[in-house]
>>> print(open('work05.txt').read())   # compact mmCIF, C-alpha atoms
# COMPACT_ATOMS: atom_id res chain seq x y z
CA MET A 1 -14.63 -32.89 15.88
CA ALA A 2 -15.29 -30.39 13.06
CA THR A 3 -13.35 -30.79 9.83
CA PHE A 4 -12.89 -28.50 6.84
CA GLU A 5 -10.86 -30.78 4.62
CA ASP A 6 -13.57 -30.89 1.96
CA GLN A 7 -14.59 -27.22 2.22
CA THR A 8 -13.24 -24.04 0.70
CA ILE A 9 -11.87 -21.87 3.48
CA THR A 10 -13.89 -18.65 3.72
CA SER A 11 -14.19 -15.83 6.24
CA GLN A 12 -17.63 -17.10 7.23
CA LEU A 13 -15.97 -20.13 8.83
CA PHE A 14 -14.04 -17.87 11.22
CA ARG A 15 -16.55 -16.20 13.52
CA PRO A 16 -16.15 -14.76 17.02
CA ASP A 17 -18.48 -17.37 18.52
CA ASN A 18 -16.66 -20.38 17.06
CA SER A 19 -16.16 -23.28 19.42
CA ASP A 20 -12.60 -24.28 20.32
CA ALA A 21 -13.04 -27.49 18.34
CA THR A 22 -14.14 -25.58 15.25
CA ASN A 23 -11.13 -23.25 15.40
CA VAL A 24 -8.75 -26.17 15.96
CA ALA A 25 -10.10 -27.88 12.84
CA LEU A 26 -10.07 -24.66 10.81
CA PHE A 27 -6.48 -23.71 11.65
CA SER A 28 -5.28 -27.27 11.23
CA GLN A 29 -6.61 -27.14 7.67
CA MET A 30 -5.11 -23.71 6.92
CA LEU A 31 -1.69 -24.52 8.35
CA GLY A 32 -1.51 -28.10 7.14
CA ARG A 33 -0.61 -29.46 10.58
CA ALA A 34 -2.45 -30.90 13.58
CA VAL A 35 -3.20 -27.89 15.80
CA SER A 36 -4.00 -28.60 19.46
CA SER A 37 -5.51 -25.27 20.52
CA VAL A 38 -6.25 -21.76 19.25
CA ARG A 39 -6.74 -18.61 21.31
CA VAL A 40 -8.36 -15.65 19.56
CA GLU A 41 -7.99 -11.98 20.53
CA SER A 42 -9.99 -9.32 18.70
CA MET A 43 -8.05 -6.42 17.17
CA SER A 44 -11.06 -4.11 17.27
CA GLY A 45 -10.81 -1.14 14.93
CA ALA A 46 -8.26 -2.78 12.65
CA GLY A 47 -8.99 -4.36 9.29
CA GLY A 48 -10.44 -1.41 7.41
CA PHE A 49 -13.95 -0.63 6.21
CA SER A 50 -15.02 -4.15 5.26
CA GLY A 51 -12.45 -6.29 7.05
CA GLU A 52 -11.77 -7.63 10.50
CA MET A 53 -8.51 -8.59 12.19
CA SER A 54 -7.79 -10.91 15.10
CA ARG A 55 -4.60 -11.98 16.81
CA VAL A 56 -4.46 -15.76 17.17
CA ARG A 57 -2.18 -17.85 19.36
CA VAL A 58 -1.82 -21.29 17.81
CA HIS A 59 -0.46 -24.35 19.65
CA TRP A 60 0.73 -27.59 18.09
CA THR A 61 3.12 -30.44 18.88
CA ASP A 62 6.39 -30.73 17.01
CA GLU A 63 6.44 -34.42 16.08
CA ASP A 64 10.21 -34.47 15.54
CA ASN A 65 11.06 -33.77 19.19
CA ASP A 66 7.66 -34.06 20.86
CA THR A 67 7.69 -30.45 22.10
CA GLU A 68 4.84 -27.96 22.32
CA LYS A 69 5.12 -25.08 19.84
CA VAL A 70 3.31 -21.76 20.04
CA GLN A 71 3.05 -19.12 17.34
CA VAL A 72 1.21 -15.81 17.32
CA MET A 73 -0.33 -14.84 13.99
CA VAL A 74 -2.79 -12.29 12.62
CA MET A 75 -6.02 -13.33 10.91
CA LYS A 76 -7.44 -10.80 8.45
CA HIS A 77 -10.78 -11.55 6.82
CA THR A 78 -13.94 -10.03 5.41
CA LYS A 79 -16.58 -8.95 7.92
CA GLU A 80 -19.73 -11.01 8.16
CA ALA A 81 -21.71 -8.26 6.41
CA GLY A 82 -18.79 -6.82 4.44
CA GLY A 83 -18.90 -8.96 1.32
CA ALA A 84 -20.87 -6.52 -0.84
CA SER A 85 -18.62 -3.52 -0.18
CA SER A 86 -15.51 -5.67 -0.48
CA ARG A 87 -16.72 -7.01 -3.83
CA ALA A 88 -17.59 -3.53 -5.11
CA LEU A 89 -14.18 -2.17 -4.17
CA GLY A 90 -12.24 -5.28 -5.22
CA LEU A 91 -10.64 -5.63 -1.78
CA ALA A 92 -10.32 -9.41 -2.03
CA ARG A 93 -7.35 -8.81 -4.33
CA GLU A 94 -5.22 -8.54 -1.19
CA GLY A 95 -5.87 -12.23 -0.53
CA CYS A 96 -5.13 -13.02 -4.18
CA PHE A 97 -1.87 -11.08 -4.02
CA TYR A 98 -0.59 -12.76 -0.88
CA ASP A 99 -1.52 -16.16 -2.30
CA TRP A 100 0.36 -15.31 -5.51
CA ALA A 101 3.41 -14.14 -3.57
CA LYS A 102 3.32 -17.18 -1.29
CA SER A 103 3.14 -19.63 -4.19
CA SER A 104 5.72 -17.91 -6.43
CA SER A 105 8.08 -20.38 -8.08
CA SER A 106 10.69 -17.75 -9.01
CA PRO A 107 13.68 -17.67 -6.62
CA LYS A 108 14.21 -13.97 -7.30
CA ASP A 109 10.56 -13.18 -6.61
CA LYS A 110 10.74 -15.16 -3.38
CA MET A 111 13.74 -13.11 -2.27
CA THR A 112 11.86 -9.90 -3.07
CA TYR A 113 8.71 -10.99 -1.22
CA ASP A 114 10.74 -12.17 1.79
CA ASP A 115 12.14 -8.64 2.14
CA LEU A 116 8.84 -6.94 1.34
CA LEU A 117 6.04 -8.84 3.11
CA PRO A 118 5.24 -10.41 6.45
CA ASP A 119 5.38 -14.21 6.46
CA ILE A 120 2.21 -15.60 4.88
CA TYR A 121 0.79 -18.82 6.27
CA PHE A 122 -2.51 -18.92 4.37
CA SER A 123 -4.19 -16.58 1.92
CA LYS A 124 -7.15 -16.75 -0.42
CA GLY A 125 -9.24 -14.11 -2.17
CA ASP A 126 -12.44 -14.42 -4.19
CA MET A 127 -13.10 -11.39 -6.37
CA ASP A 128 -16.61 -12.59 -7.28
CA SER A 129 -17.82 -12.75 -3.68
CA GLY A 130 -15.46 -10.18 -2.16
CA ASP A 131 -14.35 -12.73 0.43
CA LYS A 132 -10.77 -12.98 1.64
CA VAL A 133 -8.98 -14.94 4.35
CA ILE A 134 -5.37 -14.10 5.23
CA LEU A 135 -3.27 -15.63 7.99
CA LEU A 136 0.05 -13.88 8.34
CA GLU A 137 2.95 -13.05 10.61
CA ASP A 138 2.19 -10.90 13.63
CA LEU A 139 4.25 -7.73 13.20
CA GLY A 140 3.39 -6.42 16.65
CA ASN A 141 7.08 -6.20 17.55
CA LEU A 142 7.66 -3.67 14.76
CA VAL A 143 6.76 0.04 14.73
CA GLN A 144 4.23 1.59 12.38
CA SER A 145 6.58 3.74 10.32
CA GLY A 146 4.20 6.71 10.25
CA TYR A 147 5.03 7.37 13.89
CA PHE A 148 8.45 8.64 12.87
CA PHE A 149 6.80 11.53 10.99
CA GLY A 150 5.54 13.18 14.16
CA SER A 151 2.24 14.44 15.49
CA GLY A 152 1.40 16.57 12.44
CA SER A 153 -0.19 13.67 10.58
CA PRO A 154 -3.85 13.06 11.52
CA LEU A 155 -3.09 9.36 11.79
CA ASN A 156 -0.82 10.21 14.73
CA TRP A 157 -3.09 12.65 16.56
CA GLY A 158 -3.68 11.79 20.19
CA ARG A 159 -0.88 9.22 20.36
CA ASP A 160 2.08 9.12 22.72
CA LEU A 161 4.51 8.57 19.87
CA ASP A 162 7.58 8.37 22.06
CA GLN A 163 6.00 5.62 24.15
CA ASP A 164 4.65 3.81 21.08
CA VAL A 165 8.12 3.72 19.55
CA THR A 166 10.33 3.15 22.59
CA SER A 167 8.13 0.26 23.74
CA LYS A 168 9.37 -1.57 20.61
CA GLY A 169 13.04 -0.98 21.41
CA VAL A 170 13.75 1.93 19.07
CA SER A 171 13.68 5.73 19.35
CA LEU A 172 12.29 8.72 17.52
CA GLY A 173 15.74 10.29 17.83
CA SER A 174 19.05 9.77 19.53
CA THR A 175 19.49 10.64 23.21
CA ASN A 176 23.09 11.53 22.38
CA SER A 177 23.15 15.31 21.88
CA GLU A 178 26.08 14.98 19.47
CA VAL A 179 24.12 12.73 17.11
CA LYS A 180 22.01 14.65 14.58
CA THR A 181 20.45 11.74 12.69
CA ASN A 182 17.19 12.62 10.90
CA VAL A 183 15.26 9.41 11.53
CA THR A 184 12.22 10.64 9.58
CA GLU A 185 14.27 11.09 6.42
CA LEU A 186 16.00 7.74 6.89
CA VAL A 187 12.63 5.96 7.24
CA ALA A 188 11.42 7.68 4.07
CA GLU A 189 14.61 6.71 2.27
CA ALA A 190 14.20 3.08 3.38
CA ALA A 191 10.67 3.14 1.96
CA CYS A 192 11.97 4.51 -1.35
CA LEU A 193 14.62 1.78 -1.53
CA LEU A 194 12.05 -0.89 -0.76
CA ALA A 195 9.68 0.42 -3.44
CA ALA A 196 12.49 0.63 -6.00
CA LYS A 197 13.35 -3.02 -5.44
CA TYR A 198 9.87 -4.46 -5.92
CA HIS A 199 9.08 -2.00 -8.71
CA GLY A 200 12.30 -2.98 -10.46
CA GLN A 201 11.69 -6.70 -9.91
CA HIS A 202 8.31 -6.43 -11.69
CA TRP A 203 9.31 -3.75 -14.21
CA MET A 204 7.36 -4.08 -17.48
CA ARG A 205 6.65 -7.76 -16.83
CA LYS A 206 4.03 -9.12 -19.18
CA ASP A 207 2.89 -11.70 -16.63
CA LEU A 208 1.29 -8.81 -14.70
CA LEU A 209 -1.14 -8.46 -17.61
CA GLU A 210 -1.76 -12.17 -18.08
CA ASN A 211 -3.74 -14.57 -15.89
CA HIS A 212 -3.95 -12.13 -12.98
CA SER A 213 -7.32 -10.47 -13.56
CA TRP A 214 -7.49 -9.63 -9.83
CA LEU A 215 -4.65 -7.14 -10.23
CA LYS A 216 -6.16 -3.68 -10.45
CA ALA A 217 -5.85 -2.15 -13.95
CA SER A 218 -4.32 -5.29 -15.49
CA ASP A 219 -7.18 -5.42 -18.01
CA TRP A 220 -6.95 -1.71 -18.74
CA TYR A 221 -3.38 -2.15 -19.95
CA VAL A 222 -4.58 -4.62 -22.59
CA HIS A 223 -7.44 -2.39 -23.83
CA LYS A 224 -10.12 -4.17 -21.77
CA GLY A 225 -12.35 -3.27 -18.84
CA GLU A 226 -13.56 0.11 -20.09
CA GLU A 227 -16.91 -0.38 -18.33
CA THR A 228 -15.36 -0.78 -14.87
CA TRP A 229 -13.00 2.13 -15.50
CA GLN A 230 -15.90 4.34 -16.56
CA GLN A 231 -17.88 3.28 -13.49
CA GLY A 232 -15.00 4.27 -11.24
CA GLN A 233 -14.60 7.64 -12.90
CA LYS A 234 -18.37 8.23 -12.83
CA TYR A 235 -18.32 7.61 -9.10
CA ILE A 236 -15.68 10.31 -8.73
CA LYS A 237 -17.57 12.73 -10.98
CA ASP A 238 -20.83 12.24 -9.11
CA ALA A 239 -19.16 12.54 -5.72
CA TRP A 240 -17.47 15.77 -6.81
CA ASP A 241 -20.75 17.23 -8.08
CA ILE A 242 -22.20 16.72 -4.61
CA LEU A 243 -19.12 18.06 -2.82
CA LYS A 244 -19.18 21.26 -4.89
CA THR A 245 -22.55 22.15 -3.40
CA THR A 246 -21.78 21.01 0.14
CA LYS A 247 -18.25 20.85 1.52
CA ALA A 248 -15.89 21.77 -1.33
CA THR A 249 -16.49 25.52 -1.41
CA VAL A 250 -14.10 28.42 -0.88
CA ASP A 251 -16.34 29.88 1.83
CA ASN A 252 -16.53 26.69 3.90
CA THR A 253 -15.48 27.90 7.35
CA ASP A 254 -14.85 24.38 8.72
CA CYS A 255 -12.62 23.17 5.89
CA LYS A 256 -11.26 25.63 3.34
CA TRP A 257 -10.97 24.35 -0.23
CA SER A 258 -8.78 26.87 -2.03
CA PRO A 259 -9.66 28.08 -5.55
CA TYR A 260 -6.37 26.49 -6.65
CA ILE A 261 -7.29 22.99 -5.42
CA ILE A 262 -10.85 23.29 -6.69
CA GLY A 263 -9.46 24.32 -10.07
CA LEU A 264 -7.11 21.32 -10.19
CA ILE A 265 -9.90 18.90 -9.33
CA GLU A 266 -12.27 20.47 -11.86
CA ALA A 267 -9.64 20.27 -14.58
CA SER A 268 -8.70 16.68 -13.75
CA ILE A 269 -12.33 15.59 -13.95
CA GLU A 270 -13.02 17.50 -17.16
CA LYS A 271 -10.14 15.64 -18.81
CA ILE A 272 -11.50 12.16 -18.00
CA SER A 273 -11.49 10.14 -21.22
CA TRP A 274 -10.99 6.44 -21.86
CA GLU A 275 -9.20 7.26 -25.10
CA GLY A 276 -6.92 9.73 -23.35
CA PHE A 277 -6.28 7.25 -20.56
CA GLN A 278 -5.36 4.55 -23.07
CA GLU A 279 -3.02 6.91 -24.90
CA ARG A 280 -1.16 7.57 -21.65
CA ILE A 281 -0.84 4.03 -20.30
CA GLN A 282 0.01 2.42 -23.64
CA ASN A 283 3.06 4.66 -23.81
CA ALA A 284 3.93 4.51 -20.12
CA HIS A 285 6.31 2.28 -18.22
CA PHE A 286 4.43 0.03 -15.80
CA THR A 287 5.16 -2.20 -12.85
CA LEU A 288 3.53 -3.75 -9.80
CA ALA A 289 2.21 -0.78 -7.81
CA HIS A 290 1.02 -0.97 -4.21
CA GLY A 291 -1.57 1.74 -4.79
CA ASP A 292 -1.83 2.89 -1.16
CA PHE A 293 1.83 3.50 -0.46
CA HIS A 294 2.06 5.60 2.70
CA PRO A 295 3.93 5.31 6.02
CA ALA A 296 0.98 3.95 8.02
CA ASN A 297 0.95 0.88 5.78
CA MET A 298 4.53 0.02 6.71
CA MET A 299 5.96 -1.63 9.82
CA CYS A 300 9.62 -1.07 10.57
CA THR A 301 12.46 -1.55 13.03
CA PHE A 302 16.21 -0.97 13.33
CA ASP A 303 19.12 -1.50 15.70
CA ASN A 304 18.80 1.40 18.11
CA SER A 305 22.50 1.20 19.03
CA LEU A 306 23.30 2.32 15.47
CA LEU A 307 21.09 5.37 15.97
CA GLU A 308 22.78 6.23 19.26
CA ALA A 309 26.20 5.86 17.61
CA GLY A 310 25.19 8.13 14.73
CA SER A 311 25.79 5.39 12.15
CA LEU A 312 22.21 4.39 11.29
CA THR A 313 21.52 4.35 7.53
CA ALA A 314 18.37 3.68 5.52
CA LYS A 315 19.71 0.25 4.58
CA ASP A 316 19.75 -0.67 8.28
CA ILE A 317 15.98 -0.17 8.56
CA THR A 318 13.77 -3.21 8.06
CA ILE A 319 10.35 -2.49 6.54
CA ARG A 320 7.39 -4.74 5.86
CA LEU A 321 4.68 -3.38 3.56
CA VAL A 322 1.07 -4.36 4.33
CA ASP A 323 -2.52 -3.61 3.19
CA TRP A 324 -2.36 -4.64 -0.46
CA GLU A 325 -6.07 -4.10 -1.15
CA VAL A 326 -5.51 -1.88 -4.20
CA VAL A 327 -2.40 -3.57 -5.60
CA GLY A 328 -2.27 -3.43 -9.36
CA VAL A 329 -0.46 -2.53 -12.54
CA GLY A 330 0.61 1.07 -12.61
CA SER A 331 3.21 3.74 -12.04
CA GLY A 332 5.97 3.10 -9.54
CA ALA A 333 6.87 6.75 -9.09
CA GLN A 334 3.20 7.50 -8.41
CA ASP A 335 3.55 5.37 -5.26
CA ILE A 336 6.42 7.62 -4.15
CA GLY A 337 4.45 10.80 -4.86
CA GLN A 338 1.52 9.56 -2.77
CA TYR A 339 3.94 8.71 0.04
CA MET A 340 5.58 12.13 0.16
CA MET A 341 2.26 13.97 0.42
CA SER A 342 0.80 11.69 3.05
CA HIS A 343 2.77 12.25 6.29
CA MET A 344 5.79 14.46 5.68
CA THR A 345 5.50 18.19 6.32
CA PRO A 346 6.06 20.37 3.25
CA ALA A 347 9.12 21.95 4.91
CA ALA A 348 10.71 18.56 5.58
CA ARG A 349 9.79 17.28 2.12
CA ARG A 350 11.41 20.23 0.37
CA LEU A 351 14.70 19.51 2.09
CA CYS A 352 14.94 15.87 1.05
CA GLU A 353 12.64 15.00 -1.87
CA ASP A 354 15.16 15.60 -4.65
CA ARG A 355 17.70 13.36 -2.94
CA LEU A 356 15.14 10.66 -2.09
CA LEU A 357 13.75 10.60 -5.61
CA ARG A 358 17.27 10.18 -6.96
CA VAL A 359 17.88 7.34 -4.46
CA TYR A 360 14.66 5.70 -5.65
CA TYR A 361 15.57 6.08 -9.32
CA GLU A 362 19.11 4.75 -8.96
CA GLN A 363 17.97 1.69 -7.00
CA LEU A 364 15.18 1.13 -9.52
CA GLN A 365 17.65 1.20 -12.40
CA ALA A 366 20.05 -1.14 -10.57
CA THR A 367 17.23 -3.63 -9.91
CA ILE A 368 15.99 -3.48 -13.50
CA ALA A 369 19.54 -4.04 -14.77
CA ALA A 370 19.89 -7.08 -12.51
CA GLN A 371 16.81 -8.64 -14.13
CA HIS A 372 18.53 -8.56 -17.52
CA VAL A 373 21.68 -10.38 -16.43
CA GLU A 374 21.68 -13.66 -18.31
CA GLY A 375 20.18 -16.53 -16.36
CA THR A 376 18.64 -14.50 -13.52
CA GLY A 377 15.03 -14.41 -14.69
CA SER A 378 12.71 -15.84 -17.28
CA GLU A 379 9.78 -13.39 -17.13
CA GLU A 380 9.03 -11.78 -20.48
CA THR A 381 9.03 -7.99 -20.43
CA ALA A 382 7.56 -5.32 -22.65
CA SER A 383 9.80 -2.63 -24.11
CA ARG A 384 8.92 1.05 -24.11
CA GLY A 385 12.35 2.56 -24.35
CA GLU A 386 14.58 4.16 -21.77
CA TYR A 387 13.08 5.28 -18.48
CA THR A 388 14.89 8.51 -17.72
CA PHE A 389 15.10 10.37 -14.45
CA GLU A 390 13.03 13.16 -16.01
CA MET A 391 10.25 10.63 -16.75
CA CYS A 392 10.48 9.35 -13.19
CA LYS A 393 10.23 12.85 -11.73
CA ARG A 394 7.25 13.76 -13.89
CA GLU A 395 5.42 10.61 -12.76
CA TYR A 396 6.37 11.38 -9.17
CA VAL A 397 4.79 14.82 -9.46
CA TYR A 398 1.83 14.28 -11.76
CA GLY A 399 1.13 10.68 -10.82
CA GLY A 400 1.16 11.71 -7.17
CA VAL A 401 -1.05 14.77 -7.60
CA GLU A 402 -3.49 13.05 -9.97
CA ARG A 403 -3.83 10.17 -7.53
CA TRP A 404 -4.53 12.65 -4.76
CA MET A 405 -7.27 14.30 -6.85
CA PHE A 406 -9.09 10.97 -6.49
CA LEU A 407 -8.17 10.57 -2.82
CA LEU A 408 -9.27 14.08 -1.79
CA ILE A 409 -12.75 13.37 -3.13
CA ILE A 410 -12.92 9.95 -1.51
CA LEU A 411 -11.65 11.19 1.86
CA ALA A 412 -14.06 14.13 2.00
CA ASN A 413 -16.91 11.89 3.12
CA MET A 414 -14.73 9.66 5.31
CA CYS A 415 -12.74 12.18 7.35
CA PRO A 416 -13.70 14.94 9.77
CA ASP A 417 -13.13 18.43 8.40
CA VAL A 418 -9.96 19.05 10.41
CA MET A 419 -8.38 15.91 8.95
CA GLN A 420 -9.52 16.76 5.42
CA GLN A 421 -7.96 20.21 5.83
CA TYR A 422 -4.60 18.60 6.55
CA PHE A 423 -4.68 16.60 3.33
CA LEU A 424 -5.87 19.59 1.30
CA ASN A 425 -2.94 21.63 2.63
CA GLN A 426 -0.46 18.81 1.95
CA VAL A 427 -1.54 18.36 -1.67
CA GLU A 428 -1.73 22.09 -2.32
CA ALA A 429 1.80 22.69 -1.05
CA PHE A 430 3.19 19.83 -3.15
CA ALA A 431 1.35 20.87 -6.32
CA LEU A 432 2.37 24.52 -5.97
CA ASP A 433 5.99 23.57 -5.30
CA HIS A 434 6.08 21.61 -8.55
CA GLY A 435 4.16 24.06 -10.73
CA VAL A 436 1.11 21.88 -11.38
CA THR A 437 -1.66 23.88 -13.03
CA ALA A 438 -5.15 23.26 -14.37
CA GLU A 439 -3.61 23.28 -17.84
CA THR A 440 -0.89 20.72 -17.09
CA ILE A 441 -2.72 18.35 -14.77
CA GLY A 442 -4.08 15.09 -16.20
CA MET A 443 -7.23 13.18 -15.29
CA SER A 444 -7.74 11.81 -11.79
CA ARG A 445 -6.18 8.38 -11.22
CA LEU A 446 -8.37 5.64 -9.78
>>> encode(input="work05.txt", output="structure tokens")
Amino acid sequence: MATFEDQTITSQLFRPDNSDATNVALFSQMLGRAVSSVRVESMSGAGGFSGEMSRVRVHWTDEDNDTEKVQVMVMKHTKEAGGASSRALGLAREGCFYDWAKSSSSPKDKMTYDDLLPDIYFSKGDMDSGDKVILLEDLGNLVQSGYFFGSGSPLNWGRDLDQDVTSKGVSLGSTNSEVKTNVTELVAEAACLLAAKYHGQHWMRKDLLENHSWLKASDWYVHKGEETWQQGQKYIKDAWDILKTTKATVDNTDCKWSPYIIGLIEASIEKISWEGFQERIQNAHFTLAHGDFHPANMMCTFDNSLLEAGSLTAKDITIRLVDWEVVGVGSGAQDIGQYMMSHMTPAARRLCEDRLLRVYYEQLQATIAAQHVEGTGSEETASRGEYTFEMCKREYVYGGVERWMFLLIILANMCPDVMQQYFLNQVEAFALDHGVTAETIGMSRL
């Protein structure tokens, strides 16, 4: 029988053509128990550009009562030929993050991660090789929260959203004609509350900058890593130079880039400066930022009877946040700005964003305050003065738009024109609504 007790677990050990005996030995090592059988089901199309995902059904015997136990899990790992791209993009940090969260010794952190993440059974990431192996809870009984935003989002095109949602025991809206609950807004509010809690839990914590080099931008906040930052910005500059002569033109009939958006991108790139970047972040409030905070990266559920009764609130919605490949040190409100431009229509956003941003800010402040109650935490924090609502709103607007300057360039070569047009329209509406100009915009955010 194969054994991996003396080997480092890597994605190369988990291959589609593994023998049953090999998988039994591998999962026994990862789970720390004697597994009797493993059944693997490919989740083709999931896992991202350099990753793969499989659903695994693991059997073992409970020695306490001699009964057979079965658990369904999800295995996420680097593709056989995906190491180079994963290493270049730093995607193994997701494995590092889950491992960090799983091994946290802080009771308060554990409570936060229990509410934030799926259960993690095994996780490792190697930033040098790009390899990651993650074994986590199967969230197949939850609903991808982006479905509640309707068919306008490209990520929902071609889906039977009603069937996708109702098959999981919840609804897009109440069948009771007297109930006028806006489920979309409640899901967005639940996401804001969730973000505020983990942002507040990690607010200005110095341990984010120490001994966690895998966290994106952690070195930048201590005046290090200029070379990698410059490389990232050069990539964006070069990609934009190509786009300006190909797709990103005002006369492109397949995907119209408005003079306004082109002007914002041009200005954001012209302002790229390590010194200017350092001046901003050394005076900014920081936290643990997800970095790809949008509804499709969240799985959720709720008690549908509350919806039918008209009493469903955001606090009744359970959300688990996944895909932590770009987790790092950064702006919490920037996460919220990215979220609001991703799936929500401009008309819907205008009706609720002021309220949702205030909900986010108040929960953030309450969580930060709880960290300072004597005896509740030992993590050392940096001090950069009061974080006002006006600061939060500015980061929501400019952090969100400046992040999308980066994303619009990246997505241009990844998305079909019709999808790119959607994101261009979303960002343009948001930026215009908030008065962002070429003069006021800052540099693109990696």
>>> closest_atom_pairs(input="work05.txt", of="segment 259-332 of chain A", to="segment 138-151 of chain A", cutoff="9 Å", atoms="only C-alpha atoms", output="CSV")
residue,atom,partner,partner_atom,distance
A:His294,CA,A:Gly146,CA,7.9
A:Pro295,CA,A:Gly146,CA,4.5
A:Ala296,CA,A:Gly146,CA,4.8
A:Asn297,CA,A:Gln144,CA,7.4
A:Met298,CA,A:Ser145,CA,5.6
A:Met299,CA,A:Gln144,CA,4.5
A:Cys300,CA,A:Val143,CA,5.2
A:Thr301,CA,A:Leu142,CA,5.5
A:Ile319,CA,A:Ser145,CA,8.2
A:Arg320,CA,A:Leu139,CA,8.5
>>> residues_around(input="work05.txt", residues="Leu194 of chain A", least_positions_apart="3", cutoff="8 Å", atoms="all atoms listed in the file", output="mmCIF file with C-alpha atoms, in the coordinates of the input")
data_model
loop_
_atom_site.group_PDB
_atom_site.id
_atom_site.type_symbol
_atom_site.label_atom_id
_atom_site.label_comp_id
_atom_site.auth_asym_id
_atom_site.auth_seq_id
_atom_site.Cartn_x
_atom_site.Cartn_y
_atom_site.Cartn_z
ATOM 1 C CA LEU A 116 8.840 -6.940 1.340
ATOM 2 C CA ALA A 190 14.200 3.080 3.380
ATOM 3 C CA ALA A 191 10.670 3.140 1.960
ATOM 4 C CA LYS A 197 13.350 -3.020 -5.440
ATOM 5 C CA TYR A 198 9.870 -4.460 -5.920
ATOM 6 C CA ILE A 319 10.350 -2.490 6.540
#
>>> closest_atom_pairs(input="work05.txt", of="segment 269-362 of chain A", to="segment 426-431 of chain A", cutoff="8 Å", atoms="all atoms listed in the file", output="JSON lines")
{"residue": "A:Met341", "atom": "CA", "partner": "A:Gln426", "partner_atom": "CA", "distance": 5.8}
{"residue": "A:Ser342", "atom": "CA", "partner": "A:Gln426", "partner_atom": "CA", "distance": 7.3}
{"residue": "A:Thr345", "atom": "CA", "partner": "A:Gln426", "partner_atom": "CA", "distance": 7.4}
{"residue": "A:Pro346", "atom": "CA", "partner": "A:Ala429", "partner_atom": "CA", "distance": 6.5}
>>> closest_residue(input="work05.txt", among="A:Ala289, A:Ala438, A:Leu321, A:Leu243", to="Ile409 of chain A", atoms="only C-alpha atoms")
A:Leu243
>>> atom_distance(input="work05.txt", atom1="atom CA of Asp114 of chain A", atom2="atom CA of Asp292 of chain A")
19.8 Å
>>> residues_near_point(input="work05.txt", point="(-18.0, 8.9, -8.1)", cutoff="12 Å", atoms="only C-alpha atoms", output="list of chain:residue names")
A:Trp229, A:Gln230, A:Gln231, A:Gly232, A:Gln233, A:Lys234, A:Tyr235, A:Ile236, A:Lys237, A:Asp238, A:Ala239, A:Trp240, A:Asp241, A:Ile242, A:Leu243, A:Ile269, A:Phe406, A:Leu407, A:Leu408, A:Ile409, A:Ile410, A:Asn413, A:Ser444, A:Leu446
>>> closest_residue(input="work05.txt", among="A:Cys192, A:Met111, A:Ile134, A:Leu411", to="Ala248 of chain A", atoms="only C-alpha atoms")
A:Leu411
>>> decode(input="work05.txt", residues="segment 341-373 of chain A", atoms="C-alpha atoms", output="PDB file, in the first residue's frame")
ATOM      1  CA  MET A 341     -19.589  47.416  -9.365  1.00  0.00           C
ATOM      2  CA  SER A 342     -19.430  43.708 -10.076  1.00  0.00           C
ATOM      3  CA  HIS A 343     -23.029  42.398 -10.198  1.00  0.00           C
ATOM      4  CA  MET A 344     -25.486  45.065  -9.088  1.00  0.00           C
ATOM      5  CA  THR A 345     -27.184  47.213 -11.715  1.00  0.00           C
ATOM      6  CA  PRO A 346     -26.431  50.938 -11.433  1.00  0.00           C
ATOM      7  CA  ALA A 347     -30.125  51.654 -10.774  1.00  0.00           C
ATOM      8  CA  ALA A 348     -30.265  49.157  -7.902  1.00  0.00           C
ATOM      9  CA  ARG A 349     -26.928  50.345  -6.510  1.00  0.00           C
ATOM     10  CA  ARG A 350     -28.029  53.970  -6.411  1.00  0.00           C
ATOM     11  CA  LEU A 351     -31.008  53.063  -4.268  1.00  0.00           C
ATOM     12  CA  CYS A 352     -29.064  51.230  -1.583  1.00  0.00           C
ATOM     13  CA  GLU A 353     -25.330  52.030  -1.635  1.00  0.00           C
ATOM     14  CA  ASP A 354     -25.430  54.882   0.879  1.00  0.00           C
ATOM     15  CA  ARG A 355     -27.318  52.729   3.369  1.00  0.00           C
ATOM     16  CA  LEU A 356     -25.117  49.665   2.781  1.00  0.00           C
ATOM     17  CA  LEU A 357     -21.915  51.655   3.134  1.00  0.00           C
ATOM     18  CA  ARG A 358     -23.191  53.053   6.433  1.00  0.00           C
ATOM     19  CA  VAL A 359     -24.079  49.512   7.580  1.00  0.00           C
ATOM     20  CA  TYR A 360     -20.555  48.402   6.665  1.00  0.00           C
ATOM     21  CA  TYR A 361     -18.935  51.331   8.483  1.00  0.00           C
ATOM     22  CA  GLU A 362     -20.971  50.955  11.672  1.00  0.00           C
ATOM     23  CA  GLN A 363     -20.278  47.217  11.899  1.00  0.00           C
ATOM     24  CA  LEU A 364     -16.602  47.860  11.170  1.00  0.00           C
ATOM     25  CA  GLN A 365     -16.400  50.388  13.987  1.00  0.00           C
ATOM     26  CA  ALA A 366     -18.221  48.054  16.388  1.00  0.00           C
ATOM     27  CA  THR A 367     -15.821  45.208  15.565  1.00  0.00           C
ATOM     28  CA  ILE A 368     -12.751  47.424  15.931  1.00  0.00           C
ATOM     29  CA  ALA A 369     -14.038  48.676  19.292  1.00  0.00           C
ATOM     30  CA  ALA A 370     -14.530  45.089  20.472  1.00  0.00           C
ATOM     31  CA  GLN A 371     -10.851  44.367  19.766  1.00  0.00           C
ATOM     32  CA  HIS A 372      -9.831  47.069  22.237  1.00  0.00           C
ATOM     33  CA  VAL A 373     -11.877  45.774  25.155  1.00  0.00           C
TER      34      VAL A 373
END
